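Dropping start.cif in here (mmCIF, C-alpha atoms (C1' of nucleotides)):
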data_model
loop_
_atom_site.label_atom_id
_atom_site.label_comp_id
_atom_site.auth_asym_id
_atom_site.auth_seq_id
_atom_site.Cartn_x
_atom_site.Cartn_y
_atom_site.Cartn_z
CA MET A 1 28.21 -64.72 9.02
CA THR A 2 28.20 -61.05 9.85
CA ASP A 3 31.72 -61.03 8.48
CA LEU A 4 30.24 -60.82 5.03
CA LEU A 5 28.69 -57.49 5.81
CA ALA A 6 31.41 -56.28 8.15
CA GLN A 7 33.79 -56.19 5.21
CA LEU A 8 31.70 -53.50 3.58
CA PRO A 9 32.94 -50.06 4.64
CA GLY A 10 29.46 -48.65 4.23
CA TYR A 11 27.92 -51.21 6.52
CA ALA A 12 30.69 -50.81 9.07
CA LEU A 13 30.20 -47.08 8.94
CA ARG A 14 26.52 -47.45 9.61
CA ARG A 15 26.97 -49.85 12.48
CA ALA A 16 29.77 -47.84 14.07
CA ALA A 17 27.79 -44.64 13.89
CA ASN A 18 24.70 -46.34 15.32
CA THR A 19 26.47 -47.79 18.34
CA VAL A 20 28.47 -44.65 19.03
CA MET A 21 25.43 -42.39 18.72
CA GLY A 22 23.45 -44.74 20.88
CA GLU A 23 26.04 -44.52 23.62
CA LEU A 24 26.38 -40.78 23.27
CA GLY A 25 22.63 -40.39 23.32
CA ASP A 26 22.44 -42.24 26.63
CA ILE A 27 25.15 -40.12 28.18
CA LEU A 28 23.64 -36.85 27.01
CA ALA A 29 20.15 -37.90 28.03
CA GLU A 30 21.34 -38.17 31.64
CA HIS A 31 22.13 -34.49 31.45
CA GLY A 32 19.02 -33.40 29.68
CA PHE A 33 20.04 -32.91 26.07
CA ARG A 34 19.77 -34.77 22.83
CA ILE A 35 22.54 -35.18 20.33
CA THR A 36 21.29 -32.63 17.85
CA GLU A 37 20.69 -30.12 20.60
CA ALA A 38 24.23 -30.66 21.82
CA ALA A 39 25.56 -29.86 18.37
CA VAL A 40 23.60 -26.63 18.33
CA LEU A 41 24.77 -25.68 21.80
CA LEU A 42 28.42 -26.31 20.98
CA LEU A 43 27.98 -24.19 17.90
CA VAL A 44 26.58 -21.18 19.71
CA ARG A 45 29.12 -21.37 22.50
CA ASP A 46 30.81 -18.01 22.84
CA ARG A 47 28.75 -16.59 20.01
CA ALA A 48 25.82 -14.24 20.06
CA ASP A 49 25.29 -13.66 16.39
CA LEU A 50 24.25 -16.95 14.83
CA THR A 51 20.77 -17.12 13.37
CA SER A 52 18.55 -20.14 13.22
CA SER A 53 19.09 -20.41 9.47
CA GLN A 54 22.84 -20.22 9.79
CA ILE A 55 22.91 -22.93 12.39
CA GLY A 56 20.67 -25.06 10.27
CA ARG A 57 22.90 -24.63 7.27
CA THR A 58 26.12 -25.59 8.99
CA LEU A 59 24.55 -28.58 10.73
CA ASP A 60 22.39 -29.54 7.75
CA ILE A 61 19.17 -29.23 9.66
CA GLN A 62 16.16 -27.96 7.76
CA ARG A 63 14.62 -24.68 8.80
CA ALA A 64 11.38 -26.42 9.63
CA ASN A 65 13.11 -28.81 11.99
CA MET A 66 15.06 -26.08 13.72
CA VAL A 67 11.86 -24.71 15.19
CA PRO A 68 10.93 -27.43 17.69
CA LEU A 69 14.62 -27.92 18.43
CA LEU A 70 15.10 -24.30 19.42
CA ASN A 71 11.78 -24.30 21.23
CA ARG A 72 13.12 -27.02 23.49
CA LEU A 73 16.40 -25.23 24.09
CA GLU A 74 14.58 -22.02 24.80
CA SER A 75 12.04 -23.49 27.18
CA ALA A 76 14.88 -25.26 28.97
CA GLY A 77 16.26 -21.79 29.56
CA TRP A 78 19.57 -22.39 27.84
CA VAL A 79 19.07 -20.13 24.86
CA ARG A 80 16.97 -17.19 23.87
CA ARG A 81 15.85 -15.82 20.53
CA GLU A 82 16.88 -12.25 20.01
CA PRO A 83 15.66 -10.34 16.95
CA LEU A 84 18.51 -9.14 14.76
CA ASP A 85 16.23 -7.33 12.38
CA GLY A 86 12.57 -7.70 11.59
CA LYS A 87 13.16 -11.16 10.17
CA SER A 88 16.22 -12.93 11.56
CA MET A 89 16.63 -14.25 15.06
CA ALA A 90 19.97 -14.56 16.81
CA ILE A 91 20.26 -17.62 19.00
CA VAL A 92 22.18 -16.60 22.07
CA PRO A 93 23.01 -18.71 25.12
CA THR A 94 21.67 -17.53 28.45
CA ALA A 95 23.74 -17.53 31.62
CA ALA A 96 22.29 -20.91 32.52
CA GLY A 97 23.02 -21.96 28.98
CA ASP A 98 26.67 -21.01 29.30
CA ALA A 99 27.00 -23.19 32.38
CA LYS A 100 25.21 -26.05 30.71
CA ILE A 101 27.36 -25.73 27.60
CA ALA A 102 30.53 -25.81 29.68
CA GLN A 103 29.32 -29.00 31.27
CA LEU A 104 28.49 -30.36 27.85
CA GLY A 105 31.97 -29.48 26.64
CA THR A 106 33.75 -31.60 29.19
CA LEU A 107 31.26 -34.41 28.61
CA ILE A 108 31.95 -34.43 24.89
CA GLU A 109 35.67 -34.13 25.36
CA GLN A 110 35.73 -37.18 27.57
CA PHE A 111 33.50 -39.08 25.21
CA GLU A 112 35.66 -38.35 22.20
CA THR A 113 38.89 -39.45 23.85
CA GLU A 114 37.23 -42.66 25.02
CA LEU A 115 36.03 -43.21 21.48
CA LEU A 116 39.53 -42.86 20.09
CA ASP A 117 40.88 -45.16 22.78
CA ARG A 118 38.89 -48.01 21.32
CA ILE A 119 40.72 -47.79 18.04
CA PRO A 120 44.04 -49.61 17.60
CA ALA A 121 46.88 -47.10 17.67
CA GLU A 122 47.97 -47.73 14.11
CA HIS A 123 44.57 -46.76 12.77
CA ARG A 124 43.63 -44.05 15.21
CA ASP A 125 45.00 -40.98 13.48
CA HIS A 126 43.48 -41.97 10.17
CA LEU A 127 39.87 -42.06 11.26
CA LEU A 128 39.10 -38.36 11.39
CA PRO A 129 40.66 -37.43 8.03
CA ALA A 130 39.05 -40.43 6.38
CA LEU A 131 35.61 -39.57 7.73
CA ASN A 132 35.95 -35.92 6.86
CA ALA A 133 36.99 -36.82 3.33
CA ILE A 134 33.68 -38.61 2.98
CA TRP A 135 31.25 -35.86 3.80
CA ARG A 136 32.94 -32.46 3.71
CA MET B 1 32.85 -22.54 12.01
CA THR B 2 31.94 -26.11 11.37
CA ASP B 3 35.62 -26.85 11.87
CA LEU B 4 35.01 -26.81 15.55
CA LEU B 5 32.69 -29.78 15.30
CA ALA B 6 34.50 -31.46 12.43
CA GLN B 7 37.44 -32.07 14.70
CA LEU B 8 35.33 -34.32 16.85
CA PRO B 9 35.57 -37.93 15.63
CA GLY B 10 32.09 -38.63 16.91
CA TYR B 11 30.57 -35.76 14.99
CA ALA B 12 32.51 -36.65 11.85
CA LEU B 13 31.32 -40.23 12.22
CA ARG B 14 27.72 -39.12 12.42
CA ARG B 15 27.95 -36.77 9.46
CA ALA B 16 29.82 -39.27 7.31
CA ALA B 17 27.32 -42.01 8.07
CA ASN B 18 24.39 -39.70 7.38
CA THR B 19 25.62 -38.54 3.99
CA VAL B 20 26.72 -42.00 2.91
CA MET B 21 23.46 -43.59 3.99
CA GLY B 22 21.53 -40.83 2.33
CA GLU B 23 23.28 -41.50 -0.95
CA LEU B 24 22.91 -45.24 -0.61
CA GLY B 25 19.27 -44.86 0.27
CA ASP B 26 18.65 -42.90 -2.91
CA ILE B 27 20.42 -45.48 -5.05
CA LEU B 28 18.62 -48.40 -3.47
CA ALA B 29 15.27 -46.66 -3.62
CA GLU B 30 15.56 -46.52 -7.41
CA HIS B 31 15.62 -50.29 -7.36
CA GLY B 32 12.89 -50.82 -4.85
CA PHE B 33 14.64 -51.57 -1.59
CA ARG B 34 15.54 -49.83 1.57
CA ILE B 35 18.87 -50.05 3.31
CA THR B 36 17.77 -52.39 6.07
CA GLU B 37 16.06 -54.64 3.58
CA ALA B 38 19.22 -54.75 1.52
CA ALA B 39 21.18 -55.92 4.55
CA VAL B 40 18.68 -58.72 5.10
CA LEU B 41 18.77 -59.75 1.46
CA LEU B 42 22.56 -59.86 1.36
CA LEU B 43 22.49 -61.96 4.49
CA VAL B 44 20.14 -64.60 3.11
CA ARG B 45 21.90 -64.79 -0.23
CA ASP B 46 22.77 -68.40 -0.96
CA ARG B 47 21.25 -69.52 2.31
CA ALA B 48 18.00 -71.25 3.01
CA ASP B 49 18.28 -71.86 6.71
CA LEU B 50 18.30 -68.47 8.44
CA THR B 51 15.39 -67.72 10.71
CA SER B 52 13.89 -64.35 11.37
CA SER B 53 15.35 -64.32 14.87
CA GLN B 54 18.81 -65.18 13.67
CA ILE B 55 18.76 -62.43 11.09
CA GLY B 56 17.54 -59.99 13.66
CA ARG B 57 20.30 -60.95 16.05
CA THR B 58 23.13 -60.53 13.57
CA LEU B 59 21.78 -57.23 12.23
CA ASP B 60 20.62 -56.00 15.64
CA ILE B 61 17.03 -55.62 14.58
CA GLN B 62 14.39 -56.39 17.16
CA ARG B 63 12.05 -59.31 16.56
CA ALA B 64 9.08 -56.98 16.54
CA ASN B 65 10.61 -54.87 13.81
CA MET B 66 11.54 -57.85 11.68
CA VAL B 67 7.88 -58.55 11.05
CA PRO B 68 6.91 -55.60 8.83
CA LEU B 69 10.34 -55.75 7.20
CA LEU B 70 9.89 -59.37 6.16
CA ASN B 71 6.29 -58.67 5.21
CA ARG B 72 7.53 -56.17 2.66
CA LEU B 73 10.18 -58.50 1.29
CA GLU B 74 7.64 -61.30 1.08
CA SER B 75 4.94 -59.27 -0.62
CA ALA B 76 7.55 -58.03 -3.07
CA GLY B 77 8.04 -61.68 -3.95
CA TRP B 78 11.72 -61.77 -3.08
CA VAL B 79 11.56 -64.00 -0.06
CA ARG B 80 9.24 -66.55 1.45
CA ARG B 81 8.71 -67.83 4.96
CA GLU B 82 9.18 -71.56 5.22
CA PRO B 83 8.41 -73.33 8.49
CA LEU B 84 11.45 -75.09 9.93
CA ASP B 85 9.49 -76.57 12.78
CA GLY B 86 6.25 -75.58 14.43
CA LYS B 87 7.74 -72.33 15.63
CA SER B 88 10.67 -71.10 13.56
CA MET B 89 10.49 -69.73 10.06
CA ALA B 90 13.32 -69.97 7.56
CA ILE B 91 13.64 -66.92 5.36
CA VAL B 92 14.51 -68.17 1.91
CA PRO B 93 14.95 -66.14 -1.27
CA THR B 94 12.62 -66.93 -4.15
CA ALA B 95 13.84 -67.21 -7.73
CA ALA B 96 12.89 -63.59 -8.29
CA GLY B 97 14.66 -62.82 -5.03
CA ASP B 98 17.86 -64.44 -6.24
CA ALA B 99 17.84 -62.25 -9.33
CA LYS B 100 17.12 -59.15 -7.28
CA ILE B 101 19.85 -60.01 -4.80
CA ALA B 102 22.37 -60.48 -7.59
CA GLN B 103 21.46 -57.03 -8.90
CA LEU B 104 21.76 -55.68 -5.38
CA GLY B 105 25.18 -57.28 -5.03
CA THR B 106 26.66 -55.44 -7.98
CA LEU B 107 25.01 -52.24 -6.85
CA ILE B 108 26.56 -52.49 -3.41
CA GLU B 109 29.93 -53.50 -4.78
CA GLN B 110 30.07 -50.44 -6.98
CA PHE B 111 28.89 -48.22 -4.19
CA GLU B 112 31.51 -49.46 -1.78
CA THR B 113 34.40 -48.97 -4.18
CA GLU B 114 33.20 -45.47 -4.98
CA LEU B 115 33.04 -44.81 -1.28
CA LEU B 116 36.63 -45.89 -0.77
CA ASP B 117 37.71 -43.83 -3.75
CA ARG B 118 36.75 -40.69 -1.91
CA ILE B 119 39.24 -41.36 0.83
CA PRO B 120 42.86 -40.24 0.40
CA ALA B 121 45.03 -43.25 -0.30
CA GLU B 122 47.06 -42.97 2.86
CA HIS B 123 43.96 -43.27 5.03
CA ARG B 124 41.94 -45.68 2.94
CA ASP B 125 43.02 -49.00 4.37
CA HIS B 126 42.59 -47.82 7.93
CA LEU B 127 38.91 -47.00 7.74
CA LEU B 128 37.41 -50.46 7.89
CA PRO B 129 39.52 -51.76 10.78
CA ALA B 130 39.00 -48.55 12.71
CA LEU B 131 35.23 -48.69 12.25
CA ASN B 132 35.03 -52.34 13.11
CA ALA B 133 37.06 -51.75 16.25
CA ILE B 134 34.37 -49.35 17.36
CA TRP B 135 31.31 -51.54 17.21
CA ARG B 136 32.24 -55.22 16.96
"C1'" DC C 1 12.36 4.71 -5.84
"C1'" DG C 2 9.84 0.56 -6.74
"C1'" DA C 3 9.05 -4.03 -8.17
"C1'" DA C 4 10.62 -8.62 -8.50
"C1'" DT C 5 13.14 -12.02 -6.09
"C1'" DA C 6 15.20 -14.22 -2.21
"C1'" DA C 7 15.45 -15.33 2.53
"C1'" DT C 8 13.59 -16.18 7.21
"C1'" DG C 9 10.89 -18.31 10.62
"C1'" DC C 10 7.06 -20.88 11.09
"C1'" DT C 11 2.82 -24.51 10.74
"C1'" DA C 12 1.22 -28.85 9.51
"C1'" DT C 13 1.87 -33.25 8.05
"C1'" DT C 14 4.11 -37.44 6.61
"C1'" DG C 15 7.02 -41.56 6.65
"C1'" DA C 16 10.92 -44.23 8.17
"C1'" DC C 17 12.88 -46.16 12.04
"C1'" DC C 18 13.55 -47.97 16.62
"C1'" DA C 19 11.96 -49.31 21.29
"C1'" DT C 20 8.75 -51.44 24.76
"C1'" DA C 21 5.20 -54.39 26.51
"C1'" DG C 22 2.62 -58.18 26.11
"C1'" DC C 23 0.83 -62.76 24.16
"C1'" DA C 24 0.07 -67.48 22.37
"C1'" DA C 25 2.41 -71.21 20.69
"C1'" DT C 26 6.32 -74.18 20.59
"C1'" DC C 27 10.78 -75.94 21.80
"C1'" DT C 28 14.50 -77.42 25.20
"C1'" DG C 29 16.83 -79.14 29.18
"C1'" DT C 30 16.78 -81.53 33.36
"C1'" DA D 1 6.82 -84.20 32.07
"C1'" DC D 2 7.38 -79.82 33.50
"C1'" DA D 3 9.71 -75.19 33.98
"C1'" DG D 4 11.81 -71.95 31.50
"C1'" DA D 5 13.43 -70.12 27.26
"C1'" DT D 6 12.49 -69.00 22.42
"C1'" DT D 7 9.87 -67.63 18.42
"C1'" DG D 8 6.88 -64.86 15.77
"C1'" DC D 9 3.61 -61.64 16.25
"C1'" DT D 10 0.31 -57.35 17.63
"C1'" DA D 11 -0.10 -52.88 19.22
"C1'" DT D 12 1.73 -48.70 20.35
"C1'" DG D 13 4.60 -44.62 21.05
"C1'" DG D 14 8.52 -41.54 20.39
"C1'" DT D 15 12.27 -39.60 17.75
"C1'" DC D 16 13.90 -37.82 13.65
"C1'" DA D 17 14.06 -36.01 9.06
"C1'" DA D 18 11.54 -34.48 4.85
"C1'" DT D 19 7.96 -31.86 2.11
"C1'" DA D 20 4.70 -28.32 1.08
"C1'" DG D 21 2.93 -24.15 2.01
"C1'" DC D 22 2.56 -19.34 4.15
"C1'" DA D 23 3.27 -14.51 5.84
"C1'" DT D 24 6.65 -11.32 6.64
"C1'" DT D 25 10.80 -8.94 5.75
"C1'" DA D 26 15.42 -8.04 3.09
"C1'" DT D 27 17.77 -7.50 -0.91
"C1'" DT D 28 18.71 -6.74 -5.64
"C1'" DC D 29 18.25 -4.38 -9.82
"C1'" DG D 30 16.08 -1.85 -13.59
#

Turn this file's structure into structure tokens for me.
Amino acid sequence: MTDLLAQLPGYALRRAANTVMGELGDILAEHGFRITEAAVLLLVRDRADLTSSQIGRTLDIQRANMVPLLNRLESAGWVRREPLDGKSMAIVPTAAGDAKIAQLGTLIEQFETELLDRIPAEHRDHLLPALNAIWR
Amino acid sequence: MTDLLAQLPGYALRRAANTVMGELGDILAEHGFRITEAAVLLLVRDRADLTSSQIGRTLDIQRANMVPLLNRLESAGWVRREPLDGKSMAIVPTAAGDAKIAQLGTLIEQFETELLDRIPAEHRDHLLPALNAIWR
DNA sequence: CGAATAATGCTATTGACCATAGCAATCTGT
DNA sequence: ACAGATTGCTATGGTCAATAGCATTATTCG
């Protein structure tokens, strides 16, 4: 029934990502962030020199869509925009941001190990390299 | 840089799914369907007894969202709604739908093999079972 | 130096997608 | 036969990504 589709790697990839991101979204929402915001926060952890454009490029987020994202992070008080020159803005975590990012770090760490625990041992170590081969 | 995030299975899963679905979406769009529609069409291939609710349950699409989806498929002439009783509707492919679904089948088949080709041989066979362990 | 080109941050808008609430009609189980 | 579940649907809202366009500033190169 579903087996027909579940044999397609592409379909399985879509379904797996959807369920995992749904779960992660719920967890993160309890702590006030969204998934994309979490990625940005982890990226600027311990950095004070990343610009909006740079972040967008490494996460594949368009410049236009970075704006409301950073607005939210800034108005939450976790990040501030600091002019690097007349054009570029460095995105730097505030003190509150550092604390929040530390909390986020342990949250993600726990989530990732629980994710790996679901996978049969003989397949576990192959998932990350296989996935990274697909998109990197 | 990105390496930090690329070591997280969850992040890799999200990125891999996004790029793959982006590519698939482009391919399917050239032939007139969207990804979710394709899943429905593959599901009703060679069947004439699946109801909207049943399809929605196996694909995890809400009843409310099945309506516009099936409207599109119906107005494209690929599928028709046939009353099973006074309440349930069977979703059955038309003749044109059968042809379109056959075309879709070869498209998907090619796409899936090309997807697997990207993965190093030693990891390839582990992807599907690992993914299915996550969501099924 | 100065002019052309590129890059940055932003606004505004759009479309796809998913979720919720509610409703009338019909079916099912006891 | 009646209570409760199911089906298909309307209406609506929120999230997310994509496009086009714009003013300002950096950079590159003759």

Excluding DT26 of chain C and any residue of its chain fewer than 4 positions from it, enumerate the residues within 9 Å of it, using only C-alpha atoms (C1' of nucleotides), and give them as a VMD selection string. (chain B and resid 85 to 88) or (chain D and resid 6 to 7)

Task: At most 12 Å to chain D: residues in chain B, all atoms listed in the file, as a list in words - done: Asn18, Gly22, Thr51, Ser52, Ser53, Gln54, Gly56, Gln62, Arg63, Ala64, Asn65, Met66, Val67, Pro68, Leu70, Asn71, Arg81, Pro83, Leu84, Asp85, Gly86, Lys87, Ser88, Met89 and Ala90 of chain B

I need the chosen residues saved as a short mmCIF file (atom, residue, chain, number, x, y, z; two decimals), in the coordinates of the input, with C-alpha atoms.
data_model
loop_
_atom_site.label_atom_id
_atom_site.label_comp_id
_atom_site.auth_asym_id
_atom_site.auth_seq_id
_atom_site.Cartn_x
_atom_site.Cartn_y
_atom_site.Cartn_z
CA ASN B 18 24.39 -39.70 7.38
CA GLY B 22 21.53 -40.83 2.33
CA THR B 51 15.39 -67.72 10.71
CA SER B 52 13.89 -64.35 11.37
CA SER B 53 15.35 -64.32 14.87
CA GLN B 54 18.81 -65.18 13.67
CA GLY B 56 17.54 -59.99 13.66
CA GLN B 62 14.39 -56.39 17.16
CA ARG B 63 12.05 -59.31 16.56
CA ALA B 64 9.08 -56.98 16.54
CA ASN B 65 10.61 -54.87 13.81
CA MET B 66 11.54 -57.85 11.68
CA VAL B 67 7.88 -58.55 11.05
CA PRO B 68 6.91 -55.60 8.83
CA LEU B 70 9.89 -59.37 6.16
CA ASN B 71 6.29 -58.67 5.21
CA ARG B 81 8.71 -67.83 4.96
CA PRO B 83 8.41 -73.33 8.49
CA LEU B 84 11.45 -75.09 9.93
CA ASP B 85 9.49 -76.57 12.78
CA GLY B 86 6.25 -75.58 14.43
CA LYS B 87 7.74 -72.33 15.63
CA SER B 88 10.67 -71.10 13.56
CA MET B 89 10.49 -69.73 10.06
CA ALA B 90 13.32 -69.97 7.56
#

Quick one: chain A onto chain B, least squares on all Cα paired in order, result as a compact mmCIF listing (two decimals) with C-alpha atoms, in the frame of the given file?
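Contents of selection_26.txt, as written:
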# COMPACT_ATOMS: atom_id res chain seq x y z
CA MET A 1 32.81 -22.58 12.34
CA THR A 2 31.88 -26.15 11.60
CA ASP A 3 35.55 -26.89 12.07
CA LEU A 4 34.94 -26.92 15.78
CA LEU A 5 32.63 -29.86 15.45
CA ALA A 6 34.41 -31.50 12.54
CA GLN A 7 37.37 -32.14 14.81
CA LEU A 8 35.25 -34.43 16.95
CA PRO A 9 35.50 -38.01 15.67
CA GLY A 10 32.02 -38.73 16.94
CA TYR A 11 30.50 -35.85 15.06
CA ALA A 12 32.43 -36.69 11.91
CA LEU A 13 31.27 -40.26 12.22
CA ARG A 14 27.68 -39.16 12.47
CA ARG A 15 27.88 -36.81 9.53
CA ALA A 16 29.76 -39.27 7.34
CA ALA A 17 27.30 -42.03 8.05
CA ASN A 18 24.35 -39.72 7.39
CA THR A 19 25.58 -38.54 4.01
CA VAL A 20 26.70 -41.98 2.90
CA MET A 21 23.44 -43.62 3.98
CA GLY A 22 21.50 -40.87 2.34
CA GLU A 23 23.25 -41.49 -0.95
CA LEU A 24 22.92 -45.24 -0.63
CA GLY A 25 19.27 -44.89 0.24
CA ASP A 26 18.65 -42.94 -2.95
CA ILE A 27 20.43 -45.49 -5.08
CA LEU A 28 18.64 -48.44 -3.52
CA ALA A 29 15.28 -46.70 -3.68
CA GLU A 30 15.59 -46.55 -7.47
CA HIS A 31 15.67 -50.32 -7.42
CA GLY A 32 12.93 -50.84 -4.92
CA PHE A 33 14.68 -51.64 -1.67
CA ARG A 34 15.58 -49.87 1.51
CA ILE A 35 18.90 -50.08 3.25
CA THR A 36 17.81 -52.42 6.00
CA GLU A 37 16.08 -54.68 3.52
CA ALA A 38 19.26 -54.79 1.47
CA ALA A 39 21.20 -55.95 4.50
CA VAL A 40 18.72 -58.73 5.07
CA LEU A 41 18.80 -59.78 1.44
CA LEU A 42 22.59 -59.90 1.33
CA LEU A 43 22.51 -61.99 4.46
CA VAL A 44 20.15 -64.61 3.09
CA ARG A 45 21.92 -64.83 -0.24
CA ASP A 46 22.79 -68.44 -0.92
CA ARG A 47 21.24 -69.52 2.35
CA ALA A 48 17.98 -71.26 3.05
CA ASP A 49 18.26 -71.84 6.75
CA LEU A 50 18.29 -68.46 8.46
CA THR A 51 15.37 -67.67 10.73
CA SER A 52 13.89 -64.28 11.37
CA SER A 53 15.37 -64.25 14.87
CA GLN A 54 18.82 -65.15 13.64
CA ILE A 55 18.78 -62.42 11.06
CA GLY A 56 17.58 -59.97 13.63
CA ARG A 57 20.35 -60.92 16.00
CA THR A 58 23.18 -60.54 13.53
CA LEU A 59 21.85 -57.25 12.17
CA ASP A 60 20.71 -55.99 15.58
CA ILE A 61 17.12 -55.61 14.52
CA GLN A 62 14.48 -56.33 17.12
CA ARG A 63 12.12 -59.21 16.54
CA ALA A 64 9.18 -56.85 16.50
CA ASN A 65 10.72 -54.77 13.75
CA MET A 66 11.62 -57.77 11.64
CA VAL A 67 7.95 -58.45 11.02
CA PRO A 68 6.99 -55.52 8.78
CA LEU A 69 10.41 -55.73 7.15
CA LEU A 70 9.92 -59.34 6.13
CA ASN A 71 6.33 -58.64 5.19
CA ARG A 72 7.58 -56.16 2.62
CA LEU A 73 10.20 -58.53 1.27
CA GLU A 74 7.67 -61.30 1.08
CA SER A 75 4.97 -59.29 -0.63
CA ALA A 76 7.58 -58.05 -3.09
CA GLY A 77 8.07 -61.70 -3.94
CA TRP A 78 11.75 -61.81 -3.09
CA VAL A 79 11.56 -64.02 -0.05
CA ARG A 80 9.23 -66.53 1.48
CA ARG A 81 8.71 -67.76 5.01
CA GLU A 82 9.11 -71.48 5.32
CA PRO A 83 8.32 -73.22 8.62
CA LEU A 84 11.33 -75.01 10.07
CA ASP A 85 9.39 -76.42 12.96
CA GLY A 86 6.17 -75.38 14.62
CA LYS A 87 7.76 -72.15 15.79
CA SER A 88 10.67 -70.96 13.67
CA MET A 89 10.47 -69.63 10.15
CA ALA A 90 13.28 -69.92 7.63
CA ILE A 91 13.62 -66.90 5.39
CA VAL A 92 14.50 -68.17 1.96
CA PRO A 93 14.96 -66.17 -1.24
CA THR A 94 12.64 -66.96 -4.12
CA ALA A 95 13.84 -67.26 -7.70
CA ALA A 96 12.91 -63.63 -8.27
CA GLY A 97 14.66 -62.86 -5.04
CA ASP A 98 17.87 -64.49 -6.22
CA ALA A 99 17.86 -62.31 -9.33
CA LYS A 100 17.12 -59.22 -7.32
CA ILE A 101 19.86 -60.05 -4.82
CA ALA A 102 22.38 -60.51 -7.61
CA GLN A 103 21.47 -57.10 -8.91
CA LEU A 104 21.78 -55.72 -5.42
CA GLY A 105 25.21 -57.29 -5.08
CA THR A 106 26.69 -55.48 -8.02
CA LEU A 107 25.02 -52.26 -6.90
CA ILE A 108 26.58 -52.49 -3.46
CA GLU A 109 29.94 -53.49 -4.82
CA GLN A 110 30.06 -50.44 -7.03
CA PHE A 111 28.89 -48.22 -4.23
CA GLU A 112 31.53 -49.45 -1.82
CA THR A 113 34.41 -48.95 -4.23
CA GLU A 114 33.18 -45.44 -5.01
CA LEU A 115 33.00 -44.78 -1.30
CA LEU A 116 36.60 -45.85 -0.80
CA ASP A 117 37.68 -43.77 -3.78
CA ARG A 118 36.70 -40.63 -1.92
CA ILE A 119 39.19 -41.31 0.82
CA PRO A 120 42.81 -40.18 0.40
CA ALA A 121 45.00 -43.19 -0.32
CA GLU A 122 47.02 -42.90 2.85
CA HIS A 123 43.93 -43.23 5.00
CA ARG A 124 41.91 -45.63 2.91
CA ASP A 125 43.03 -48.96 4.30
CA HIS A 126 42.59 -47.80 7.87
CA LEU A 127 38.91 -46.98 7.69
CA LEU A 128 37.42 -50.46 7.81
CA PRO A 129 39.54 -51.78 10.71
CA ALA A 130 39.00 -48.58 12.65
CA LEU A 131 35.23 -48.71 12.20
CA ASN A 132 35.05 -52.38 13.02
CA ALA A 133 37.08 -51.82 16.17
CA ILE A 134 34.37 -49.43 17.29
CA TRP A 135 31.32 -51.63 17.13
CA ARG A 136 32.28 -55.30 16.86

Using only C-alpha atoms, what does the table of chain B residues within 6 Å of chain A look like, with each row giving the shortest atom pair and its distance in Å to one decimal, sorted by chain and ascending number, as a Markdown table?
| residue | atom | partner | partner_atom | distance |
| --- | --- | --- | --- | --- |
| B:Pro9 | CA | A:Leu128 | CA | 5.5 |
| B:Ala12 | CA | A:Leu131 | CA | 5.9 |
| B:Leu13 | CA | A:Ala17 | CA | 5.9 |
| B:Arg14 | CA | A:Ala17 | CA | 5.7 |
| B:Ala16 | CA | A:Trp135 | CA | 5.1 |
| B:Ala17 | CA | A:Arg14 | CA | 5.7 |
| B:Ile119 | CA | A:Ala130 | CA | 5.6 |
| B:His123 | CA | A:His126 | CA | 5.3 |
| B:His126 | CA | A:His123 | CA | 5.3 |
| B:Leu128 | CA | A:Pro9 | CA | 5.5 |
| B:Ala130 | CA | A:Ile119 | CA | 5.7 |
| B:Leu131 | CA | A:Ala16 | CA | 5.8 |
| B:Ala133 | CA | A:Ile119 | CA | 5.7 |
| B:Ile134 | CA | A:Ala16 | CA | 5.9 |
| B:Trp135 | CA | A:Ala16 | CA | 5.1 |

### Contact set, chain C to chain B: 9 Å, only C-alpha atoms (C1' of nucleotides), as a ChimeraX atom specification
/C:18-19,25-27

| request: Just give me the residues with any atom within 7 Å of (25.8, -25.2, 25.0), file coordinates, counting all atoms listed in the file, written as a list in words. | output: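 Checking each residue against the 7 Å limit leaves Ala38, Leu41, Leu42, Val44, Arg45, Gly97, Asp98, Lys100, Ile101, Ala102 and Leu104 of chain A.
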
Between atom CA of Gln110 of chain A and atom CA of Ala29 of chain A, measure the distance and give it in Å to one decimal.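 Rounded to one decimal, the two atoms are 15.6 Å apart.
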
Here atom CA of Asp49 of chain B and atom CA of Val92 of chain B stand apart by 7.1 Å

What separates atom C1' of DT28 of chain C and atom CA of Arg57 of chain B is a distance of 19.7 Å
